[in-house]
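Structure file final26.cif (mmCIF, C-alpha atoms and all ligand atoms) is printed below.
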data_structure
loop_
_atom_site.label_atom_id
_atom_site.label_comp_id
_atom_site.auth_asym_id
_atom_site.auth_seq_id
_atom_site.Cartn_x
_atom_site.Cartn_y
_atom_site.Cartn_z
CA MET L 1 -73.22 -23.80 8.98
CA ASP L 2 -69.68 -25.01 9.36
CA ASP L 3 -68.57 -27.59 11.92
CA VAL L 4 -66.84 -25.05 14.13
CA THR L 5 -70.05 -23.07 14.70
CA ARG L 6 -71.95 -26.23 15.60
CA GLN L 7 -69.74 -26.67 18.67
CA PHE L 8 -71.18 -23.63 20.46
CA SER L 9 -73.67 -25.10 22.91
CA GLY L 10 -74.81 -22.16 25.03
CA TYR L 11 -78.17 -21.94 23.27
CA GLN L 12 -79.01 -25.61 23.78
CA GLN L 13 -77.75 -25.71 27.35
CA ALA L 14 -79.70 -22.63 28.35
CA LYS L 15 -82.90 -24.34 27.18
CA ALA L 16 -82.22 -27.59 29.08
CA PRO L 17 -84.65 -28.31 31.91
CA ALA L 18 -83.59 -26.66 35.18
CA ALA L 19 -81.40 -28.92 37.29
CA GLY L 20 -81.64 -28.20 40.99
CA PRO L 21 -79.71 -29.14 44.11
CA ASP L 22 -79.94 -32.44 45.96
CA GLU L 23 -82.83 -31.44 48.23
CA LEU L 24 -82.18 -34.18 50.77
CA LEU L 25 -78.68 -32.88 51.45
CA VAL L 26 -79.07 -29.14 51.35
CA ARG L 27 -82.22 -28.31 53.32
CA VAL L 28 -81.54 -27.51 56.97
CA GLY L 29 -84.83 -26.10 58.29
CA PRO L 30 -87.02 -27.70 60.99
CA GLY L 31 -88.83 -30.80 59.76
CA THR L 32 -86.69 -31.34 56.65
CA PRO L 33 -84.96 -34.75 56.54
CA GLY L 34 -81.49 -33.15 56.34
CA GLY L 35 -82.34 -30.63 59.05
CA GLU L 36 -83.61 -33.39 61.35
CA TYR L 37 -80.43 -35.41 60.83
CA LEU L 38 -78.15 -32.45 61.55
CA ARG L 39 -80.18 -31.60 64.68
CA ARG L 40 -79.15 -34.91 66.25
CA PHE L 41 -75.60 -33.60 66.90
CA TRP L 42 -74.01 -30.93 69.09
CA HIS L 43 -72.88 -27.92 67.05
CA PRO L 44 -70.94 -24.77 67.93
CA VAL L 45 -73.15 -21.71 67.51
CA ALA L 46 -70.94 -18.81 68.62
CA ILE L 47 -67.65 -17.78 70.18
CA THR L 48 -67.89 -17.26 73.94
CA SER L 49 -66.42 -13.74 73.65
CA GLN L 50 -69.25 -12.73 71.27
CA VAL L 51 -71.70 -13.07 74.16
CA GLY L 52 -71.54 -9.86 76.21
CA ASP L 53 -74.08 -8.22 78.49
CA LEU L 54 -76.70 -7.98 75.72
CA PRO L 55 -78.54 -10.75 73.84
CA LEU L 56 -76.80 -11.88 70.66
CA ALA L 57 -79.11 -12.31 67.65
CA LEU L 58 -78.22 -15.45 65.70
CA ARG L 59 -79.63 -17.52 62.88
CA ARG L 60 -78.82 -21.24 62.88
CA PHE L 61 -80.49 -24.09 60.95
CA GLY L 62 -82.96 -21.60 59.51
CA GLU L 63 -84.16 -20.53 62.98
CA ASP L 64 -83.98 -17.00 64.37
CA LEU L 65 -82.56 -17.14 67.88
CA VAL L 66 -80.92 -15.14 70.62
CA LEU L 67 -78.03 -16.31 72.74
CA PHE L 68 -77.31 -14.75 76.13
CA ARG L 69 -75.57 -15.40 79.41
CA ASP L 70 -77.67 -14.53 82.43
CA GLY L 71 -76.43 -12.97 85.68
CA SER L 72 -75.83 -16.42 87.17
CA GLY L 73 -73.51 -17.31 84.29
CA HIS L 74 -75.95 -19.70 82.58
CA TYR L 75 -76.24 -19.58 78.80
CA GLY L 76 -79.64 -19.43 77.18
CA LEU L 77 -80.28 -20.11 73.49
CA VAL L 78 -83.90 -19.31 72.72
CA HIS L 79 -86.21 -18.56 69.82
CA ARG L 80 -85.90 -14.91 68.95
CA HIS L 81 -89.58 -13.97 69.21
CA CYS L 82 -91.42 -13.71 72.49
CA PRO L 83 -94.36 -16.14 72.74
CA HIS L 84 -96.60 -13.31 74.02
CA ARG L 85 -96.87 -11.12 70.92
CA ASN L 86 -93.64 -11.85 69.09
CA ALA L 87 -91.44 -8.95 70.20
CA SER L 88 -87.81 -9.67 69.37
CA LEU L 89 -85.78 -10.82 72.34
CA GLU L 90 -82.66 -9.23 70.86
CA PHE L 91 -84.09 -6.19 72.70
CA ALA L 92 -84.78 -8.13 75.89
CA ILE L 93 -83.09 -7.43 79.22
CA VAL L 94 -80.78 -10.07 80.59
CA GLN L 95 -81.72 -10.88 84.20
CA PRO L 96 -79.88 -12.38 87.16
CA ARG L 97 -81.83 -15.47 86.10
CA GLY L 98 -82.96 -15.75 82.47
CA ILE L 99 -84.19 -12.95 80.25
CA ARG L 100 -87.08 -10.41 80.28
CA CYS L 101 -88.93 -9.31 77.13
CA CYS L 102 -88.78 -5.52 76.68
CA TYR L 103 -92.41 -5.18 75.55
CA HIS L 104 -94.58 -6.36 78.48
CA GLY L 105 -91.91 -7.74 80.77
CA TRP L 106 -92.53 -11.46 80.47
CA HIS L 107 -89.62 -13.16 82.17
CA PHE L 108 -88.20 -16.50 80.95
CA ASP L 109 -85.65 -18.88 82.39
CA VAL L 110 -82.80 -20.22 80.21
CA ASP L 111 -84.84 -23.38 79.53
CA GLY L 112 -87.78 -21.29 78.29
CA THR L 113 -89.99 -21.58 81.41
CA LEU L 114 -92.19 -18.54 81.92
CA LEU L 115 -91.19 -17.29 85.38
CA GLU L 116 -93.37 -14.19 85.52
CA ALA L 117 -95.84 -12.20 83.41
CA PRO L 118 -96.10 -9.01 85.45
CA ALA L 119 -99.09 -7.54 83.60
CA GLU L 120 -101.17 -10.70 84.15
CA PRO L 121 -103.22 -11.27 87.30
CA ASP L 122 -103.16 -15.04 86.70
CA SER L 123 -99.63 -15.68 85.60
CA VAL L 124 -99.62 -19.13 87.25
CA ARG L 125 -102.19 -20.46 84.77
CA LEU L 126 -100.28 -18.82 81.93
CA ASP L 127 -96.96 -20.42 82.75
CA GLN L 128 -98.47 -23.85 82.20
CA ARG L 129 -99.54 -22.90 78.70
CA VAL L 130 -96.65 -20.80 77.46
CA ARG L 131 -93.06 -21.79 76.88
CA LEU L 132 -90.33 -19.97 75.03
CA GLY L 133 -88.52 -22.35 72.64
CA ALA L 134 -85.06 -23.08 74.09
CA TYR L 135 -82.13 -25.38 73.42
CA PRO L 136 -79.53 -27.01 75.68
CA VAL L 137 -76.22 -25.15 75.58
CA ARG L 138 -72.72 -26.06 76.62
CA GLU L 139 -69.57 -23.95 76.71
CA TYR L 140 -66.32 -25.66 75.76
CA LYS L 141 -62.94 -23.97 75.38
CA GLY L 142 -64.18 -20.66 74.09
CA LEU L 143 -67.01 -21.89 71.86
CA VAL L 144 -70.68 -22.15 72.77
CA PHE L 145 -72.27 -25.39 71.57
CA ALA L 146 -75.96 -26.20 71.32
CA TYR L 147 -78.16 -29.19 70.63
CA PHE L 148 -81.22 -28.56 68.42
CA GLY L 149 -82.75 -32.04 68.36
CA PRO L 150 -85.49 -33.84 70.30
CA PRO L 151 -84.98 -33.33 74.05
CA ASP L 152 -85.33 -37.05 74.82
CA ALA L 153 -82.35 -37.85 72.60
CA VAL L 154 -79.61 -35.43 73.75
CA PRO L 155 -76.34 -37.14 72.78
CA PRO L 156 -73.22 -37.13 74.96
CA PHE L 157 -71.07 -34.04 74.34
CA PRO L 158 -68.10 -35.10 72.15
CA THR L 159 -64.57 -34.10 73.09
CA TYR L 160 -61.77 -34.69 70.59
CA ASP L 161 -58.12 -35.61 71.21
CA THR L 162 -56.76 -32.54 69.40
CA CYS L 163 -58.67 -30.21 71.72
CA GLU L 164 -57.31 -31.95 74.80
CA ILE L 165 -53.57 -31.89 74.07
CA GLU L 166 -51.55 -31.10 77.19
CA GLY L 167 -50.11 -27.60 77.15
CA GLY L 168 -52.37 -26.77 74.21
CA GLU L 169 -54.07 -23.47 73.61
CA LEU L 170 -57.17 -23.17 71.41
CA LEU L 171 -57.96 -19.84 69.75
CA PRO L 172 -61.57 -19.77 68.58
CA TYR L 173 -62.58 -17.86 65.46
CA GLU L 174 -65.42 -17.60 62.97
CA VAL L 175 -65.61 -17.21 59.18
CA PRO L 176 -69.14 -16.52 57.84
CA MET L 177 -69.91 -17.93 54.39
CA ASP L 178 -72.59 -16.89 51.90
CA CYS L 179 -73.66 -20.28 50.64
CA ASN L 180 -75.16 -23.60 51.70
CA TRP L 181 -73.15 -25.42 54.39
CA LEU L 182 -72.53 -28.50 52.25
CA GLN L 183 -70.47 -26.59 49.68
CA VAL L 184 -68.14 -25.44 52.45
CA ALA L 185 -67.95 -28.89 54.02
CA GLU L 186 -67.27 -30.58 50.68
CA ASN L 187 -64.30 -28.30 50.16
CA SER L 188 -62.63 -30.29 52.96
CA MET L 189 -63.24 -33.55 51.09
CA ASP L 190 -61.61 -32.15 47.94
CA PRO L 191 -57.83 -32.41 48.31
CA MET L 192 -57.15 -31.61 44.65
CA HIS L 193 -58.42 -28.04 44.95
CA VAL L 194 -55.49 -27.32 47.27
CA VAL L 195 -53.04 -28.05 44.46
CA PHE L 196 -54.82 -25.78 42.00
CA LEU L 197 -56.83 -23.06 43.76
CA HIS L 198 -54.28 -22.48 46.51
CA THR L 199 -51.04 -23.08 44.66
CA ARG L 200 -50.80 -23.58 40.91
CA VAL L 201 -53.62 -21.57 39.31
CA ASN L 202 -53.33 -18.24 41.12
CA ARG L 203 -50.41 -17.78 43.46
CA VAL L 204 -48.93 -19.72 46.36
CA GLN L 205 -51.43 -18.95 49.13
CA PHE L 206 -49.97 -21.25 51.78
CA THR L 207 -46.81 -23.16 50.91
CA LYS L 208 -45.38 -24.11 47.54
CA LYS L 209 -45.19 -27.74 48.60
CA LEU L 210 -48.98 -27.96 48.39
CA GLY L 211 -48.59 -27.67 44.61
CA ILE L 212 -47.02 -31.13 44.43
CA LEU L 213 -49.64 -33.56 43.08
CA PRO L 214 -50.39 -35.99 45.90
CA VAL L 215 -51.13 -39.68 45.90
CA ILE L 216 -54.31 -40.05 47.98
CA ARG L 217 -55.82 -42.86 50.03
CA TRP L 218 -59.23 -42.79 51.73
CA PHE L 219 -60.14 -44.44 55.01
CA GLU L 220 -63.73 -44.79 56.19
CA THR L 221 -64.41 -45.15 59.91
CA PRO L 222 -67.71 -45.80 61.70
CA ILE L 223 -68.02 -42.05 62.41
CA GLY L 224 -66.56 -40.51 59.26
CA PHE L 225 -63.39 -40.41 57.19
CA PHE L 226 -59.78 -39.57 57.10
CA TYR L 227 -57.60 -39.33 54.03
CA THR L 228 -53.87 -39.26 53.58
CA LYS L 229 -52.01 -37.39 50.87
CA GLY L 230 -48.47 -38.42 50.05
CA ARG L 231 -46.29 -35.76 48.42
CA ARG L 232 -42.89 -36.74 47.16
CA MET L 233 -40.01 -34.49 48.25
CA ASP L 234 -36.91 -36.15 46.86
CA ASP L 235 -35.99 -38.94 49.25
CA PHE L 236 -38.75 -38.03 51.71
CA LEU L 237 -42.49 -38.36 51.61
CA TRP L 238 -44.72 -35.80 53.31
CA ILE L 239 -47.94 -37.46 54.42
CA SER L 240 -50.65 -35.04 55.52
CA THR L 241 -53.98 -36.27 56.79
CA ASN L 242 -57.42 -34.65 57.04
CA ASP L 243 -60.38 -35.71 59.16
CA ILE L 244 -64.09 -35.49 58.60
CA VAL L 245 -66.35 -36.66 61.39
CA LEU L 246 -69.99 -36.78 60.36
CA PRO L 247 -71.76 -34.60 59.84
CA ASN L 248 -69.61 -31.41 59.75
CA PHE L 249 -66.39 -31.67 61.81
CA THR L 250 -63.18 -31.23 59.83
CA GLN L 251 -59.47 -31.04 60.61
CA ALA L 252 -56.47 -30.29 58.41
CA GLY L 253 -52.74 -30.68 58.93
CA ALA L 254 -50.18 -27.90 58.78
CA VAL L 255 -50.68 -25.42 55.95
CA HIS L 256 -47.78 -23.03 56.33
CA GLU L 257 -44.96 -25.18 57.53
CA SER L 258 -45.06 -28.90 57.07
CA THR L 259 -41.60 -30.20 56.40
CA ASP L 260 -38.24 -28.93 55.32
CA GLY L 261 -38.12 -31.92 53.02
CA ALA L 262 -35.23 -33.60 54.80
CA THR L 263 -36.33 -34.44 58.35
CA THR L 264 -38.60 -37.22 59.50
CA LYS L 265 -41.66 -36.34 61.56
CA TYR L 266 -44.20 -38.63 63.18
CA PHE L 267 -47.83 -37.63 63.62
CA GLY L 268 -47.48 -33.87 64.14
CA ARG L 269 -50.99 -32.68 64.91
CA ASN L 270 -53.33 -30.49 62.91
CA SER L 271 -53.52 -26.72 62.94
CA PHE L 272 -57.30 -26.34 62.69
CA THR L 273 -60.45 -27.92 63.99
CA ARG L 274 -63.51 -26.61 62.18
CA TRP L 275 -67.25 -27.14 62.20
CA ILE L 276 -69.31 -25.98 59.21
CA VAL L 277 -72.59 -24.84 60.73
CA PRO L 278 -75.71 -24.03 58.69
CA VAL L 279 -77.14 -20.55 59.21
CA ASP L 280 -80.00 -21.26 56.79
CA ASP L 281 -80.24 -22.92 53.38
CA THR L 282 -78.11 -20.26 51.70
CA HIS L 283 -75.68 -19.21 54.45
CA SER L 284 -73.33 -21.00 56.79
CA THR L 285 -70.57 -20.19 59.20
CA VAL L 286 -67.27 -21.82 60.06
CA LEU L 287 -66.73 -21.98 63.82
CA ALA L 288 -63.26 -23.17 64.57
CA TYR L 289 -60.18 -23.42 66.73
CA ARG L 290 -56.69 -22.59 65.66
CA HIS L 291 -54.38 -24.85 67.66
CA PHE L 292 -51.32 -23.62 69.46
CA ASN L 293 -49.63 -26.62 71.01
CA PRO L 294 -46.29 -28.37 70.95
CA ARG L 295 -47.58 -30.99 68.49
CA ALA L 296 -49.09 -28.62 65.88
CA GLU L 297 -47.08 -26.47 63.43
CA SER L 298 -45.09 -23.84 65.32
CA PRO L 299 -47.36 -20.95 66.19
CA ARG L 300 -46.38 -17.47 65.12
CA ASP L 301 -47.29 -14.56 67.35
CA GLU L 302 -48.73 -12.56 64.47
CA TRP L 303 -51.39 -15.29 64.08
CA ARG L 304 -53.01 -14.39 67.38
CA THR L 305 -55.19 -11.47 66.26
CA PRO L 306 -58.82 -12.16 65.26
CA GLU L 307 -58.08 -10.88 61.71
CA ALA L 308 -55.08 -13.16 61.30
CA LEU L 309 -57.02 -16.13 62.62
CA GLU L 310 -59.64 -15.56 59.96
CA GLU L 311 -57.13 -14.97 57.22
CA ILE L 312 -55.01 -18.05 57.84
CA ASP L 313 -58.07 -20.24 57.96
CA ILE L 314 -58.35 -22.26 54.81
CA THR L 315 -61.65 -20.64 53.93
CA ARG L 316 -60.05 -17.19 53.73
CA LEU L 317 -61.61 -13.75 53.86
CA ARG L 318 -64.76 -12.58 52.17
CA ASN L 319 -64.47 -8.87 52.87
CA ARG L 320 -61.80 -8.12 50.29
CA PRO L 321 -62.14 -5.67 47.40
CA TYR L 322 -63.80 -7.36 44.42
CA ARG L 323 -60.78 -6.87 42.17
CA GLU L 324 -58.50 -8.46 44.73
CA ARG L 325 -60.86 -11.40 45.01
CA GLN L 326 -60.78 -11.80 41.23
CA ILE L 327 -57.00 -11.68 41.05
CA ASP L 328 -56.41 -13.90 44.07
CA PRO L 329 -59.48 -16.06 44.68
CA GLY L 330 -59.55 -18.36 47.69
CA ASP L 331 -61.97 -20.87 49.17
CA TYR L 332 -64.61 -18.21 49.79
CA GLU L 333 -64.69 -17.28 46.10
CA ALA L 334 -64.61 -20.93 45.00
CA VAL L 335 -67.50 -22.18 47.11
CA SER L 336 -69.72 -19.09 47.23
CA GLY L 337 -69.19 -18.71 43.48
CA GLN L 338 -70.97 -22.05 43.03
CA GLY L 339 -74.14 -20.16 43.98
CA PRO L 340 -76.16 -19.85 47.20
CA ILE L 341 -77.11 -23.52 46.73
CA THR L 342 -75.16 -25.24 43.99
CA PRO L 343 -77.35 -27.02 41.41
CA HIS L 344 -75.99 -30.57 41.76
CA GLY L 345 -77.84 -31.61 38.63
CA ARG L 346 -75.45 -29.52 36.53
CA GLU L 347 -72.25 -31.02 37.89
CA HIS L 348 -69.95 -33.36 35.99
CA LEU L 349 -68.21 -35.25 38.78
CA ALA L 350 -64.80 -36.67 37.89
CA SER L 351 -62.14 -38.85 39.49
CA SER L 352 -60.88 -36.03 41.70
CA ASP L 353 -64.33 -35.89 43.32
CA THR L 354 -64.00 -39.25 45.05
CA GLY L 355 -64.13 -37.61 48.47
CA VAL L 356 -67.17 -35.52 47.64
CA VAL L 357 -69.01 -38.60 46.36
CA ARG L 358 -68.14 -40.66 49.45
CA TYR L 359 -69.17 -37.85 51.76
CA ARG L 360 -72.54 -37.31 50.07
CA ARG L 361 -73.18 -41.07 50.15
CA ARG L 362 -72.59 -41.25 53.92
CA LEU L 363 -74.70 -38.15 54.61
CA ARG L 364 -77.53 -39.47 52.45
CA ALA L 365 -77.44 -42.84 54.24
CA GLY L 366 -77.58 -41.11 57.64
CA ILE L 367 -80.44 -38.83 56.62
CA ARG L 368 -82.47 -41.72 55.13
CA ALA L 369 -81.89 -44.03 58.10
CA LEU L 370 -83.36 -41.41 60.40
CA ALA L 371 -86.16 -40.27 58.07
CA ASP L 372 -87.29 -43.69 56.80
CA GLU L 373 -86.48 -46.04 59.69
CA GLY L 374 -86.19 -43.73 62.68
CA ARG L 375 -82.60 -44.87 63.23
CA ALA L 376 -80.63 -42.12 65.02
CA PRO L 377 -77.15 -41.45 63.61
CA LEU L 378 -74.03 -42.82 65.26
CA GLN L 379 -72.50 -40.14 67.49
CA PRO L 380 -68.80 -39.14 67.31
CA GLY L 381 -68.40 -40.49 70.85
CA ALA L 382 -69.61 -43.93 69.73
CA HIS L 383 -66.03 -44.60 68.79
CA GLY L 384 -65.44 -45.72 72.38
CA ALA L 385 -62.30 -43.91 73.44
CA ALA L 386 -62.45 -40.52 75.14
CA PRO L 387 -61.32 -38.08 74.00
CA ILE L 388 -62.27 -39.22 70.50
CA PRO L 389 -59.16 -40.22 68.53
CA THR L 390 -58.73 -38.32 65.24
CA TYR L 391 -56.00 -38.51 62.63
CA GLY L 392 -55.46 -34.98 61.26
CA SER L 393 -51.67 -34.79 61.15
CA ASP L 394 -48.37 -34.50 59.31
CA THR L 395 -45.86 -37.32 59.04
CA VAL L 396 -42.63 -37.23 57.05
CA LEU L 397 -40.89 -40.51 56.23
CA ARG L 398 -37.65 -41.30 54.48
CA PHE L 399 -38.82 -43.13 51.40
CA PRO L 400 -36.53 -42.80 48.35
CA PRO L 401 -38.36 -42.98 45.01
CA ALA L 402 -38.62 -46.12 42.92
CA PRO L 403 -36.77 -45.68 39.61
CA ASP L 404 -39.96 -45.79 37.57
CA ALA L 405 -42.68 -43.14 38.15
CA GLN L 406 -45.58 -45.59 37.96
CA GLU L 407 -43.85 -48.01 40.27
CA ASP L 408 -43.21 -45.16 42.69
CA GLU L 409 -46.85 -44.13 42.72
CA ALA L 410 -47.86 -47.69 43.57
CA ALA L 411 -45.25 -47.90 46.33
CA VAL L 412 -46.42 -44.59 47.80
CA GLY L 413 -50.03 -45.85 47.70
CA GLU L 414 -49.06 -48.97 49.62
CA LEU L 415 -47.14 -46.91 52.14
CA LEU L 416 -50.17 -44.66 52.69
CA GLU L 417 -52.33 -47.74 53.34
CA ALA L 418 -49.80 -48.85 55.94
CA VAL L 419 -49.72 -45.40 57.55
CA GLY L 420 -53.53 -45.31 57.73
CA ALA L 421 -53.61 -48.74 59.38
CA ILE L 422 -51.00 -47.61 61.92
CA TYR L 423 -52.97 -44.45 62.71
CA ARG L 424 -56.01 -46.56 63.58
CA SER L 425 -54.02 -49.16 65.51
CA ALA L 426 -53.57 -46.87 68.52
CA ASP L 427 -57.22 -45.85 68.96
CA GLY L 428 -57.35 -47.47 72.38
CA LEU L 429 -54.57 -45.22 73.71
CA THR L 430 -54.72 -41.54 74.64
CA GLY L 431 -52.20 -38.75 75.28
CA ASP L 432 -48.46 -39.37 75.26
CA PRO L 433 -48.67 -43.18 75.14
CA ARG L 434 -50.63 -42.93 71.88
CA TYR L 435 -48.13 -40.50 70.32
CA GLU L 436 -45.21 -42.66 71.41
CA ASP L 437 -46.82 -45.81 70.08
CA LEU L 438 -47.53 -44.17 66.71
CA ALA L 439 -44.02 -42.72 66.41
CA THR L 440 -42.44 -46.13 67.06
CA LYS L 441 -44.64 -47.85 64.49
CA LEU L 442 -44.27 -45.11 61.86
CA ALA L 443 -40.47 -45.13 62.19
CA THR L 444 -40.43 -48.77 60.98
CA LEU L 445 -41.72 -47.54 57.60
CA ASN L 446 -38.61 -45.46 56.86
CA ARG L 447 -36.44 -46.85 54.13
S1 LIG L 501 -94.32 -9.45 73.43
FE1 LIG L 501 -92.97 -10.12 74.92
S2 LIG L 501 -93.93 -9.66 76.77
FE2 LIG L 501 -95.31 -8.99 75.27
FE FE L 502 -59.08 -24.61 50.35
#
Show how you would write the structure in this file as structure tokens.
Ligand code: FES
Ligand SMILES: [Fe+2]
Amino acid sequence: MDDVTRQFSGYQQAKAPAAGPDELLVRVGPGTPGGEYLRRFWHPVAITSQVGDLPLALRRFGEDLVLFRDGSGHYGLVHRHCPHRNASLEFAIVQPRGIRCCYHGWHFDVDGTLLEAPAEPDSVRLDQRVRLGAYPVREYKGLVFAYFGPPDAVPPFPTYDTCEIEGGELLPYEVPMDCNWLQVAENSMDPMHVVFLHTRVNRVQFTKKLGILPVIRWFETPIGFFYTKGRRMDDFLWISTNDIVLPNFTQAGAVHESTDGATTKYFGRNSFTRWIVPVDDTHSTVLAYRHFNPRAESPRDEWRTPEALEEIDITRLRNRPYRERQIDPGDYEAVSGQGPITPHGREHLASSDTGVVRYRRRLRAGIRALADEGRAPLQPGAHGAAPIPTYGSDTVLRFPPAPDAQEDEAAVGELLEAVGAIYRSADGLTGDPRYEDLATKLATLNR
């Protein structure tokens, strides 16, 4: 056998012991450590407009559910199967108050209380024994949120600065994904894929400027992360920032229009706010807002249709012809192609995976603290200020390059550290005063 043939390793690798996923991180069902951790937070479960006059069948966190709005306008999110003999409540009749099972007419309130069992002479005794599983629900700006955790530990509902911008409009949308939620969430902690998947390897899917290799700096906060990417554009530096708030809230800066490369900009706000919500272990869904406000990238009217909202999302469409997906793969192809649950044991993490590693470490710590010590995770609102300050943004500074490339990279790194510190320095302020304070401080960094 010559040396060249020896290099082929398929045979050996195929025989290697199976390497599975990180069980702690990927399992979302009831009673699993990861599932219990995730259940301690509010999550969006649907778009308000998806809830019509009939019950909406949903699957979230491995549980089959129905969501409905009763005649009094109250939302109910309940286990899908009737506690009598398990008929599916997707066929139930929505009532002026609560919902009525189609099979024998048992009638439940939105909190799962049995109000009436018309075929039973002694329905009073029954209603003390029987409850339909139900979860607290809250509607906020076109999305329906729910809390799946223990009822004695309902956390305060978190509101974020970017969703409360004056004159802002939030367009909700959903992108279903056919893989474990963590793969989709990790995509947001992987800034290098933007350079390659979205720009250099296939075609320019957003803007050519995203193909410039960025200098990156990471910032950990008590509730998550933000990271800044500095891209050199001649004498200017475009600094875009992404947020992750634990466990699954993400925000990205502008993706279509960021800078003309010759104008300064101070803390323009992000275009998307997205939650990656587990459907079950092998499916997830992105529930999100596209922002239309004076501080985000200029909205285009053609972005307002549901199809366009899905398409411009950074996860991109899944319902494209196979050939088209092969020629022009996007986030959907990248993350679902890893498999329904990626086998972490087969990965070879490298320096560009810094964000992924940090994210997994924080999630693991949160899951273990709850599972091993009963310590509930810190809530997004624990930050103090309301609405919660986030940092997803675009800033452009005048910052001519140092003559030497290595020197320039170091200077850009230092600048990014300074920008990150400035972003956090205004956490105590909200609304216009915060934006004005940040703009004044950022302007001092121009050269
Ligand atoms: S199964 Fe629902 S009322 Fe009988
Ligand atoms: Fe992407």
In terms of all atoms listed in the file, the residue from L:Val195, L:Gly420, L:Ala371, L:Ala334 at minimal distance from Asp243 of chain L is L:Gly420
Let me see if you get this right: every residue at most 10 Å from ligand FE 502 (chain L), counting all atoms listed in the file, written as a count of residues only.
25
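Near ligand LIG 501 (chain L), the residues found within 9 Å are His81, Cys82, Pro83, His84, Arg85, Asn86, Ala87, Ser88, Leu89, Ala92, Arg100, Cys101, Cys102, Tyr103, His104, Gly105, Trp106, His107, Ala117, Pro118 and Ala119 of chain L (criterion computed using all atoms listed in the file).
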One decimal, in Å: what's the spacing between atom CA of Phe68 of chain L and atom CA of Thr250 of chain L?
27.1 Å
Can you tell me how far atom CA of Pro172 of chain L sits from atom CA of Gly211 of chain L, in Å to one decimal?
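That distance, rounded to one decimal, is 28.4 Å.
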With distances taken over all atoms listed in the file, which residue among L:Gly268, L:Leu114, L:Gly230, L:Leu287 lies nearest Asp408 of chain L?
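Looking at the shortest contact to Asp408 of chain L, the residue is L:Gly230.
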